[in-house]
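Raw query_1.cif, mmCIF, C-alpha atoms and all ligand atoms:
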```
data_data
loop_
_atom_site.group_PDB
_atom_site.id
_atom_site.type_symbol
_atom_site.label_atom_id
_atom_site.label_comp_id
_atom_site.auth_asym_id
_atom_site.auth_seq_id
_atom_site.Cartn_x
_atom_site.Cartn_y
_atom_site.Cartn_z
ATOM 1 C CA MET A 1 -19.402 -0.933 -8.975
ATOM 2 C CA LYS A 2 -17.783 2.185 -7.603
ATOM 3 C CA TRP A 3 -14.245 2.098 -6.181
ATOM 4 C CA ILE A 4 -11.944 4.563 -4.436
ATOM 5 C CA ASP A 5 -8.153 4.303 -4.767
ATOM 6 C CA THR A 6 -7.185 5.823 -1.418
ATOM 7 C CA HIS A 7 -3.465 6.128 -2.204
ATOM 8 C CA ALA A 8 -1.873 6.802 -5.592
ATOM 9 C CA HIS A 9 1.029 9.006 -6.662
ATOM 10 C CA LEU A 10 -0.323 9.714 -10.152
ATOM 11 C CA TYR A 11 1.492 13.068 -10.267
ATOM 12 C CA LEU A 12 4.945 11.432 -10.449
ATOM 13 C CA GLU A 13 6.933 11.586 -13.687
ATOM 14 C CA GLN A 14 6.259 7.887 -14.374
ATOM 15 C CA PHE A 15 2.829 9.076 -15.587
ATOM 16 C CA ASP A 16 3.909 12.181 -17.497
ATOM 17 C CA HIS A 17 3.523 10.602 -20.954
ATOM 18 C CA ASP A 18 0.095 8.962 -20.481
ATOM 19 C CA ARG A 19 -1.566 10.349 -17.346
ATOM 20 C CA ASP A 20 -4.794 11.115 -19.160
ATOM 21 C CA THR A 21 -5.105 7.535 -20.438
ATOM 22 C CA VAL A 22 -4.364 6.161 -16.950
ATOM 23 C CA ILE A 23 -7.074 8.295 -15.339
ATOM 24 C CA GLN A 24 -9.652 7.579 -18.061
ATOM 25 C CA HIS A 25 -8.849 3.867 -17.732
ATOM 26 C CA ALA A 26 -9.404 4.064 -13.961
ATOM 27 C CA VAL A 27 -12.698 5.924 -14.341
ATOM 28 C CA SER A 28 -14.010 3.506 -16.986
ATOM 29 C CA ASN A 29 -13.220 0.618 -14.611
ATOM 30 C CA GLY A 30 -15.211 2.259 -11.808
ATOM 31 C CA VAL A 31 -12.233 3.738 -9.915
ATOM 32 C CA SER A 32 -13.666 7.220 -10.210
ATOM 33 C CA THR A 33 -12.148 8.720 -7.065
ATOM 34 C CA ILE A 34 -8.377 8.749 -6.545
ATOM 35 C CA LEU A 35 -6.692 10.238 -3.488
ATOM 36 C CA LEU A 36 -3.204 11.668 -3.943
ATOM 37 C CA PRO A 37 -0.778 11.679 -0.990
ATOM 38 C CA ASN A 38 1.988 14.271 -1.031
ATOM 39 C CA ILE A 39 5.668 13.373 -0.508
ATOM 40 C CA ASP A 40 7.552 16.623 0.179
ATOM 41 C CA GLN A 41 7.929 20.244 -0.998
ATOM 42 C CA THR A 42 9.155 19.145 -4.434
ATOM 43 C CA THR A 43 5.925 17.272 -5.266
ATOM 44 C CA ILE A 44 3.296 19.851 -4.221
ATOM 45 C CA ALA A 45 3.018 21.682 -7.548
ATOM 46 C CA ALA A 46 2.752 18.524 -9.671
ATOM 47 C CA MET A 47 0.150 17.025 -7.326
ATOM 48 C CA LEU A 48 -1.998 20.174 -7.343
ATOM 49 C CA LYS A 49 -1.813 20.335 -11.124
ATOM 50 C CA VAL A 50 -3.283 16.822 -11.428
ATOM 51 C CA CYS A 51 -6.031 17.710 -8.925
ATOM 52 C CA SER A 52 -6.949 20.832 -10.879
ATOM 53 C CA ASP A 53 -6.853 18.980 -14.217
ATOM 54 C CA TYR A 54 -9.193 16.267 -12.834
ATOM 55 C CA PRO A 55 -11.296 18.033 -10.185
ATOM 56 C CA ASP A 56 -14.029 15.366 -10.252
ATOM 57 C CA HIS A 57 -11.630 12.475 -9.748
ATOM 58 C CA CYS A 58 -8.396 13.476 -7.964
ATOM 59 C CA PHE A 59 -8.118 14.959 -4.468
ATOM 60 C CA PRO A 60 -4.989 16.137 -2.625
ATOM 61 C CA MET A 61 -3.547 15.273 0.769
ATOM 62 C CA MET A 62 -0.742 17.287 2.286
ATOM 63 C CA GLY A 63 2.120 16.096 4.472
ATOM 64 C CA LEU A 64 5.840 15.428 4.702
ATOM 65 C CA HIS A 65 6.913 11.831 4.003
ATOM 66 C CA PRO A 66 9.462 10.354 6.461
ATOM 67 C CA GLY A 67 11.791 9.427 3.586
ATOM 68 C CA SER A 68 12.268 13.144 2.829
ATOM 69 C CA ILE A 69 13.163 14.167 6.377
ATOM 70 C CA LYS A 70 16.688 15.495 6.859
ATOM 71 C CA GLU A 71 18.297 18.277 8.926
ATOM 72 C CA ASP A 72 16.149 20.855 7.071
ATOM 73 C CA TYR A 73 12.874 19.277 8.165
ATOM 74 C CA ARG A 74 11.655 22.374 10.042
ATOM 75 C CA GLN A 75 11.821 24.492 6.895
ATOM 76 C CA GLN A 76 10.143 21.688 4.907
ATOM 77 C CA LEU A 77 7.363 21.483 7.514
ATOM 78 C CA ASP A 78 6.797 25.249 7.237
ATOM 79 C CA THR A 79 6.277 24.897 3.486
ATOM 80 C CA ILE A 80 3.862 22.001 4.074
ATOM 81 C CA LEU A 81 1.946 24.039 6.670
ATOM 82 C CA GLN A 82 1.555 26.960 4.277
ATOM 83 C CA ALA A 83 0.293 24.564 1.614
ATOM 84 C CA ILE A 84 -2.238 23.085 4.052
ATOM 85 C CA ASP A 85 -3.605 26.572 4.688
ATOM 86 C CA ARG A 86 -3.808 27.312 0.994
ATOM 87 C CA ILE A 87 -5.248 24.153 -0.515
ATOM 88 C CA LYS A 88 -7.514 22.619 2.164
ATOM 89 C CA PRO A 89 -6.380 18.996 1.702
ATOM 90 C CA ILE A 90 -8.670 16.023 2.419
ATOM 91 C CA ALA A 91 -6.057 14.510 4.772
ATOM 92 C CA ILE A 92 -2.624 14.942 6.319
ATOM 93 C CA GLY A 93 -0.394 12.523 4.425
ATOM 94 C CA GLU A 94 1.623 10.800 3.841
ATOM 95 C CA ILE A 95 3.403 11.033 7.157
ATOM 96 C CA GLY A 96 5.101 8.418 9.296
ATOM 97 C CA LEU A 97 8.332 6.675 10.188
ATOM 98 C CA ASP A 98 10.671 4.760 7.921
ATOM 99 C CA PHE A 99 13.628 3.117 9.651
ATOM 100 C CA TYR A 100 14.285 0.753 6.739
ATOM 101 C CA TRP A 101 16.397 2.929 4.454
ATOM 102 C CA ASP A 102 18.012 5.260 6.944
ATOM 103 C CA ILE A 103 17.910 5.739 10.706
ATOM 104 C CA LYS A 104 20.215 8.760 10.683
ATOM 105 C CA TYR A 105 17.252 11.125 11.096
ATOM 106 C CA LYS A 106 15.219 8.950 13.470
ATOM 107 C CA THR A 107 14.732 11.768 16.016
ATOM 108 C CA GLU A 108 13.768 14.257 13.298
ATOM 109 C CA GLN A 109 11.312 11.744 11.809
ATOM 110 C CA ILE A 110 9.639 11.288 15.198
ATOM 111 C CA LYS A 111 9.435 15.069 15.774
ATOM 112 C CA ALA A 112 7.981 15.741 12.314
ATOM 113 C CA PHE A 113 5.461 12.898 12.668
ATOM 114 C CA THR A 114 4.275 14.060 16.101
ATOM 115 C CA ARG A 115 3.957 17.639 14.868
ATOM 116 C CA GLN A 116 1.856 16.519 11.889
ATOM 117 C CA LEU A 117 -0.403 14.435 14.145
ATOM 118 C CA ASP A 118 -1.022 17.612 16.176
ATOM 119 C CA ILE A 119 -1.858 19.558 13.007
ATOM 120 C CA ALA A 120 -4.319 16.838 11.965
ATOM 121 C CA LYS A 121 -6.027 17.047 15.354
ATOM 122 C CA GLU A 122 -6.217 20.837 15.206
ATOM 123 C CA LEU A 123 -7.730 20.764 11.721
ATOM 124 C CA ARG A 124 -9.817 17.622 12.337
ATOM 125 C CA LEU A 125 -8.343 15.916 9.309
ATOM 126 C CA PRO A 126 -7.559 12.200 8.991
ATOM 127 C CA VAL A 127 -3.929 11.057 8.796
ATOM 128 C CA VAL A 128 -2.417 8.717 6.204
ATOM 129 C CA ILE A 129 0.451 6.842 7.801
ATOM 130 C CA HIS A 130 3.469 5.206 6.170
ATOM 131 C CA THR A 131 5.496 2.905 8.399
ATOM 132 C CA ARG A 132 8.437 0.650 7.700
ATOM 133 C CA GLU A 133 10.503 -1.190 10.340
ATOM 134 C CA ALA A 134 8.907 1.101 12.923
ATOM 135 C CA PHE A 135 5.539 -0.370 13.865
ATOM 136 C CA ASP A 136 6.039 -0.470 17.643
ATOM 137 C CA VAL A 137 7.336 3.082 17.852
ATOM 138 C CA ILE A 138 4.622 4.492 15.607
ATOM 139 C CA LEU A 139 1.776 2.678 17.367
ATOM 140 C CA GLU A 140 2.936 4.096 20.704
ATOM 141 C CA LEU A 141 3.025 7.610 19.242
ATOM 142 C CA VAL A 142 -0.454 7.327 17.708
ATOM 143 C CA GLU A 143 -1.866 5.710 20.863
ATOM 144 C CA SER A 144 -0.608 8.569 23.003
ATOM 145 C CA ALA A 145 -1.897 11.154 20.496
ATOM 146 C CA GLN A 146 -5.344 9.538 20.295
ATOM 147 C CA ASN A 147 -7.776 11.801 22.119
ATOM 148 C CA GLY A 148 -10.840 10.067 20.717
ATOM 149 C CA GLU A 149 -10.974 12.344 17.676
ATOM 150 C CA LEU A 150 -7.934 11.315 15.650
ATOM 151 C CA GLN A 151 -8.799 9.259 12.576
ATOM 152 C CA GLY A 152 -6.637 7.673 9.959
ATOM 153 C CA VAL A 153 -5.283 4.780 7.970
ATOM 154 C CA PHE A 154 -2.133 2.710 8.096
ATOM 155 C CA HIS A 155 -1.406 2.731 4.394
ATOM 156 C CA CYS A 156 0.016 -0.345 2.635
ATOM 157 C CA PHE A 157 -0.602 -2.410 5.734
ATOM 158 C CA THR A 158 1.560 -5.540 6.026
ATOM 159 C CA GLY A 159 1.719 -5.947 9.803
ATOM 160 C CA THR A 160 1.037 -8.688 12.316
ATOM 161 C CA LEU A 161 -2.138 -9.774 14.113
ATOM 162 C CA ASP A 162 -0.961 -7.869 17.175
ATOM 163 C CA ASN A 163 -0.615 -4.723 15.022
ATOM 164 C CA VAL A 164 -4.161 -5.319 13.723
ATOM 165 C CA ARG A 165 -5.578 -5.483 17.246
ATOM 166 C CA ARG A 166 -3.888 -2.228 18.255
ATOM 167 C CA ILE A 167 -5.013 -0.460 15.065
ATOM 168 C CA LEU A 168 -8.608 -1.610 15.588
ATOM 169 C CA ASP A 169 -8.444 -0.341 19.184
ATOM 170 C CA LEU A 170 -7.322 3.041 17.809
ATOM 171 C CA GLY A 171 -10.376 3.073 15.542
ATOM 172 C CA PHE A 172 -8.087 3.372 12.512
ATOM 173 C CA TYR A 173 -8.353 1.718 9.097
ATOM 174 C CA MET A 174 -5.871 -0.470 7.252
ATOM 175 C CA GLY A 175 -5.028 0.335 3.622
ATOM 176 C CA ILE A 176 -4.702 -2.877 1.623
ATOM 177 C CA GLY A 177 -2.853 -2.917 -1.688
ATOM 178 C CA GLY A 178 -1.166 -5.197 -4.212
ATOM 179 C CA VAL A 179 0.912 -7.064 -1.589
ATOM 180 C CA LEU A 180 -2.271 -9.031 -0.801
ATOM 181 C CA THR A 181 -1.917 -10.843 -4.142
ATOM 182 C CA TYR A 182 1.764 -11.806 -3.727
ATOM 183 C CA LYS A 183 2.512 -15.515 -3.410
ATOM 184 C CA LYS A 184 4.922 -15.266 -0.469
ATOM 185 C CA SER A 185 2.885 -12.675 1.427
ATOM 186 C CA GLU A 186 1.543 -13.504 4.909
ATOM 187 C CA LEU A 187 -1.019 -10.747 4.492
ATOM 188 C CA PRO A 188 -3.870 -13.038 3.281
ATOM 189 C CA ILE A 189 -3.726 -14.885 6.633
ATOM 190 C CA VAL A 190 -3.693 -11.663 8.672
ATOM 191 C CA VAL A 191 -6.471 -10.095 6.566
ATOM 192 C CA LYS A 192 -8.851 -12.887 7.616
ATOM 193 C CA ASP A 193 -8.905 -11.233 11.037
ATOM 194 C CA ILE A 194 -9.437 -7.674 9.808
ATOM 195 C CA PRO A 195 -13.122 -6.786 9.546
ATOM 196 C CA LEU A 196 -14.062 -5.545 6.077
ATOM 197 C CA THR A 197 -15.460 -2.458 7.797
ATOM 198 C CA SER A 198 -11.878 -1.485 8.777
ATOM 199 C CA ILE A 199 -10.340 -1.861 5.306
ATOM 200 C CA VAL A 200 -9.804 0.687 2.543
ATOM 201 C CA LEU A 201 -8.255 -0.248 -0.796
ATOM 202 C CA GLU A 202 -5.285 1.443 -2.441
ATOM 203 C CA THR A 203 -2.678 0.970 -5.160
ATOM 204 C CA ASP A 204 0.322 3.095 -4.045
ATOM 205 C CA ALA A 205 0.781 3.544 -7.821
ATOM 206 C CA PRO A 206 3.297 3.544 -9.501
ATOM 207 C CA TYR A 207 4.647 1.088 -6.898
ATOM 208 C CA LEU A 208 3.593 -2.412 -5.740
ATOM 209 C CA PRO A 209 1.422 -3.622 -8.667
ATOM 210 C CA PRO A 210 -0.833 -6.591 -7.905
ATOM 211 C CA VAL A 211 -0.588 -9.972 -9.659
ATOM 212 C CA PRO A 212 -0.823 -10.327 -12.727
ATOM 213 C CA PHE A 213 0.823 -6.931 -13.303
ATOM 214 C CA ARG A 214 4.029 -7.471 -11.263
ATOM 215 C CA GLY A 215 7.049 -5.867 -12.877
ATOM 216 C CA LYS A 216 4.852 -3.262 -14.562
ATOM 217 C CA ARG A 217 4.055 0.261 -13.449
ATOM 218 C CA ASN A 218 1.055 0.135 -11.094
ATOM 219 C CA GLU A 219 -2.050 2.242 -11.877
ATOM 220 C CA SER A 220 -5.416 2.831 -10.239
ATOM 221 C CA SER A 221 -7.475 0.482 -12.454
ATOM 222 C CA PHE A 222 -5.265 -2.451 -11.324
ATOM 223 C CA MET A 223 -6.811 -2.119 -7.853
ATOM 224 C CA ILE A 224 -9.661 -4.420 -8.952
ATOM 225 C CA GLU A 225 -7.202 -7.371 -8.826
ATOM 226 C CA THR A 226 -6.524 -6.664 -5.141
ATOM 227 C CA ALA A 227 -10.281 -6.374 -4.567
ATOM 228 C CA LYS A 228 -10.894 -9.756 -6.217
ATOM 229 C CA LYS A 229 -8.313 -11.369 -3.936
ATOM 230 C CA LEU A 230 -9.922 -9.719 -0.913
ATOM 231 C CA ALA A 231 -13.356 -11.032 -1.938
ATOM 232 C CA GLU A 232 -11.886 -14.529 -2.248
ATOM 233 C CA ILE A 233 -10.236 -14.385 1.207
ATOM 234 C CA LYS A 234 -13.323 -12.938 2.874
ATOM 235 C CA GLN A 235 -15.658 -15.248 0.910
ATOM 236 C CA VAL A 236 -17.947 -12.394 -0.039
ATOM 237 C CA SER A 237 -18.977 -10.994 -3.421
ATOM 238 C CA LEU A 238 -16.886 -8.419 -5.267
ATOM 239 C CA GLU A 239 -19.956 -6.189 -4.989
ATOM 240 C CA GLU A 240 -19.823 -6.340 -1.197
ATOM 241 C CA VAL A 241 -16.089 -5.524 -1.200
ATOM 242 C CA ALA A 242 -16.789 -2.500 -3.431
ATOM 243 C CA GLN A 243 -19.699 -1.266 -1.340
ATOM 244 C CA THR A 244 -18.011 -1.645 2.036
ATOM 245 C CA THR A 245 -14.528 -0.358 1.153
ATOM 246 C CA THR A 246 -15.967 2.589 -0.783
ATOM 247 C CA SER A 247 -18.242 3.595 2.063
ATOM 248 C CA ASN A 248 -15.311 3.222 4.528
ATOM 249 C CA ALA A 249 -13.231 5.604 2.382
ATOM 250 C CA ILE A 250 -16.089 8.103 2.078
ATOM 251 C CA LYS A 251 -16.498 8.099 5.849
ATOM 252 C CA LEU A 252 -12.771 8.330 6.666
ATOM 253 C CA PHE A 253 -11.969 11.092 4.166
ATOM 254 C CA ASN A 254 -15.273 12.932 4.457
ATOM 255 C CA LEU A 255 -15.991 12.633 0.731
ATOM 256 C CA SER A 256 -19.390 13.461 -0.630
HETATM 257 ZN ZN ZN B 301 2.699 6.449 -0.887
#
```
Please go through the file and, once you have read it, give me the structure as structure tokens.
Amino acid sequence: MKWIDTHAHLYLEQFDHDRDTVIQHAVSNGVSTILLPNIDQTTIAAMLKVCSDYPDHCFPMMGLHPGSIKEDYRQQLDTILQAIDRIKPIAIGEIGLDFYWDIKYKTEQIKAFTRQLDIAKELRLPVVIHTREAFDVILELVESAQNGELQGVFHCFTGTLDNVRRILDLGFYMGIGGVLTYKKSELPIVVKDIPLTSIVLETDAPYLPPVPFRGKRNESSFMIETAKKLAEIKQVSLEEVAQTTTSNAIKLFNLS
């Protein structure tokens, strides 16, 4: 079975001592393609280094994460734009709105997100969206930006059935990760109503490890546990989960 981890931060320092082992472990478990979302200007170099060390397995996105947006966001966006020109990323990400930690830069977050949606449309690249405590605002922004050509994924999806309906209407995908395996999560109920054809799998490594790895550092090979849970909820074979989610990711990110 062939799997694609559509969201992993394997360039972070949590992997500095054993990155090679982590990537070999992923590949030997069938997770042979790993997509790396950028965070801000401080992470670009490390991310590109991993992509050049593992050109057959790791592919870069480029974007400015809402958690890094402050009064200097215009300068940060300029740096991101130059990087987009230089590296030809597979997607614009991760971008979005996060009103959970800090709403001081709400306006700046909205401006930076809208700008990056425009860039994605110009370049015909998919967007990888992070949202926390901001679902209504972000859905309105994406709905008004949707010109029929915008494509993307709501990464680490944990929303409601109403959110699902609006995302399906947008023609977007939902990125499902370790939260699906958590005992108190409502996600298994919501996932019943998401067609498998609109799901891509992800880890968000090093964060949010699935059961039975909670408390540990997450890594790409652990994604199989989330896939097993998805197969159980959907009452299909693991094989079918692999085939469908992998072909969804290939289509969304234009992978060959
Ligand atoms: Zn992320």
* To do: Tell me, in Å to one decimal, how far CA of Glu240 in chain A is from CA of Tyr54 in chain A.
  => 27.6 Å
* Within 10 Å of ligand ZN 301 (chain B), counting only C-alpha atoms and all ligand atoms, which protein or nucleic acid residues do you find, written as a ChimeraX atom specification? -> /A:6-9,36-39,65,93-95,128-130,155-156,202-207
* To do: Can you give me, as a ChimeraX atom specification, the residues this file yields under the PyMOL selection byres (((chain A and resi 212) around 10) and not hetatm)?
  => /A:178,181-182,209-211,213-216,222,225
* Explicit residues for the PyMOL selection byres (((chain A and resi 108) around 12) and not hetatm) (as JSON, numbers by chain) -> {"A": [64, 65, 66, 67, 68, 69, 70, 71, 72, 73, 74, 76, 77, 96, 97, 98, 99, 102, 103, 104, 105, 106, 107, 109, 110, 111, 112, 113, 114, 115]}
Saved selection, atoms kept: C-alpha atoms, as a PDB file, keeping the file's coordinate frame:
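Final output, result27.pdb:
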```pdb
ATOM      1  CA  LEU A  64       5.840  15.428   4.702  1.00  0.00           C
ATOM      2  CA  HIS A  65       6.913  11.831   4.003  1.00  0.00           C
ATOM      3  CA  PRO A  66       9.462  10.354   6.461  1.00  0.00           C
ATOM      4  CA  GLY A  67      11.791   9.427   3.586  1.00  0.00           C
ATOM      5  CA  SER A  68      12.268  13.144   2.829  1.00  0.00           C
ATOM      6  CA  ILE A  69      13.163  14.167   6.377  1.00  0.00           C
ATOM      7  CA  LYS A  70      16.688  15.495   6.859  1.00  0.00           C
ATOM      8  CA  GLU A  71      18.297  18.277   8.926  1.00  0.00           C
ATOM      9  CA  ASP A  72      16.149  20.855   7.071  1.00  0.00           C
ATOM     10  CA  TYR A  73      12.874  19.277   8.165  1.00  0.00           C
ATOM     11  CA  ARG A  74      11.655  22.374  10.042  1.00  0.00           C
ATOM     12  CA  GLN A  76      10.143  21.688   4.907  1.00  0.00           C
ATOM     13  CA  LEU A  77       7.363  21.483   7.514  1.00  0.00           C
ATOM     14  CA  GLY A  96       5.101   8.418   9.296  1.00  0.00           C
ATOM     15  CA  LEU A  97       8.332   6.675  10.188  1.00  0.00           C
ATOM     16  CA  ASP A  98      10.671   4.760   7.921  1.00  0.00           C
ATOM     17  CA  PHE A  99      13.628   3.117   9.651  1.00  0.00           C
ATOM     18  CA  ASP A 102      18.012   5.260   6.944  1.00  0.00           C
ATOM     19  CA  ILE A 103      17.910   5.739  10.706  1.00  0.00           C
ATOM     20  CA  LYS A 104      20.215   8.760  10.683  1.00  0.00           C
ATOM     21  CA  TYR A 105      17.252  11.125  11.096  1.00  0.00           C
ATOM     22  CA  LYS A 106      15.219   8.950  13.470  1.00  0.00           C
ATOM     23  CA  THR A 107      14.732  11.768  16.016  1.00  0.00           C
ATOM     24  CA  GLN A 109      11.312  11.744  11.809  1.00  0.00           C
ATOM     25  CA  ILE A 110       9.639  11.288  15.198  1.00  0.00           C
ATOM     26  CA  LYS A 111       9.435  15.069  15.774  1.00  0.00           C
ATOM     27  CA  ALA A 112       7.981  15.741  12.314  1.00  0.00           C
ATOM     28  CA  PHE A 113       5.461  12.898  12.668  1.00  0.00           C
ATOM     29  CA  THR A 114       4.275  14.060  16.101  1.00  0.00           C
ATOM     30  CA  ARG A 115       3.957  17.639  14.868  1.00  0.00           C
TER      31      ARG A 115
END
```
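For the set A:Lys121, A:Ser237, A:Arg165, A:Gln82, the residue with the smallest atom-to-atom gap to Gly148 in chain A is A:Lys121, counting all atoms listed in the file.
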* **Selection result for the PyMOL selection byres (((chain A and resi 125) around 10) and not hetatm) on this file, as a PyMOL selection string** => chain A and resi 61+88-93+117+119-124+126-128+149-152+252-254
Sorted per-residue table, range 158-231 of chain A near range 19-27 of chain A, closest atoms and distance, 9 Å, only C-alpha atoms, as CSV:
```
residue,atom,partner,partner_atom,distance
A:Glu219,CA,A:Val22,CA,6.8
A:Ser220,CA,A:Ala26,CA,5.6
A:Ser221,CA,A:Ala26,CA,4.3
A:Phe222,CA,A:Ala26,CA,8.2
```
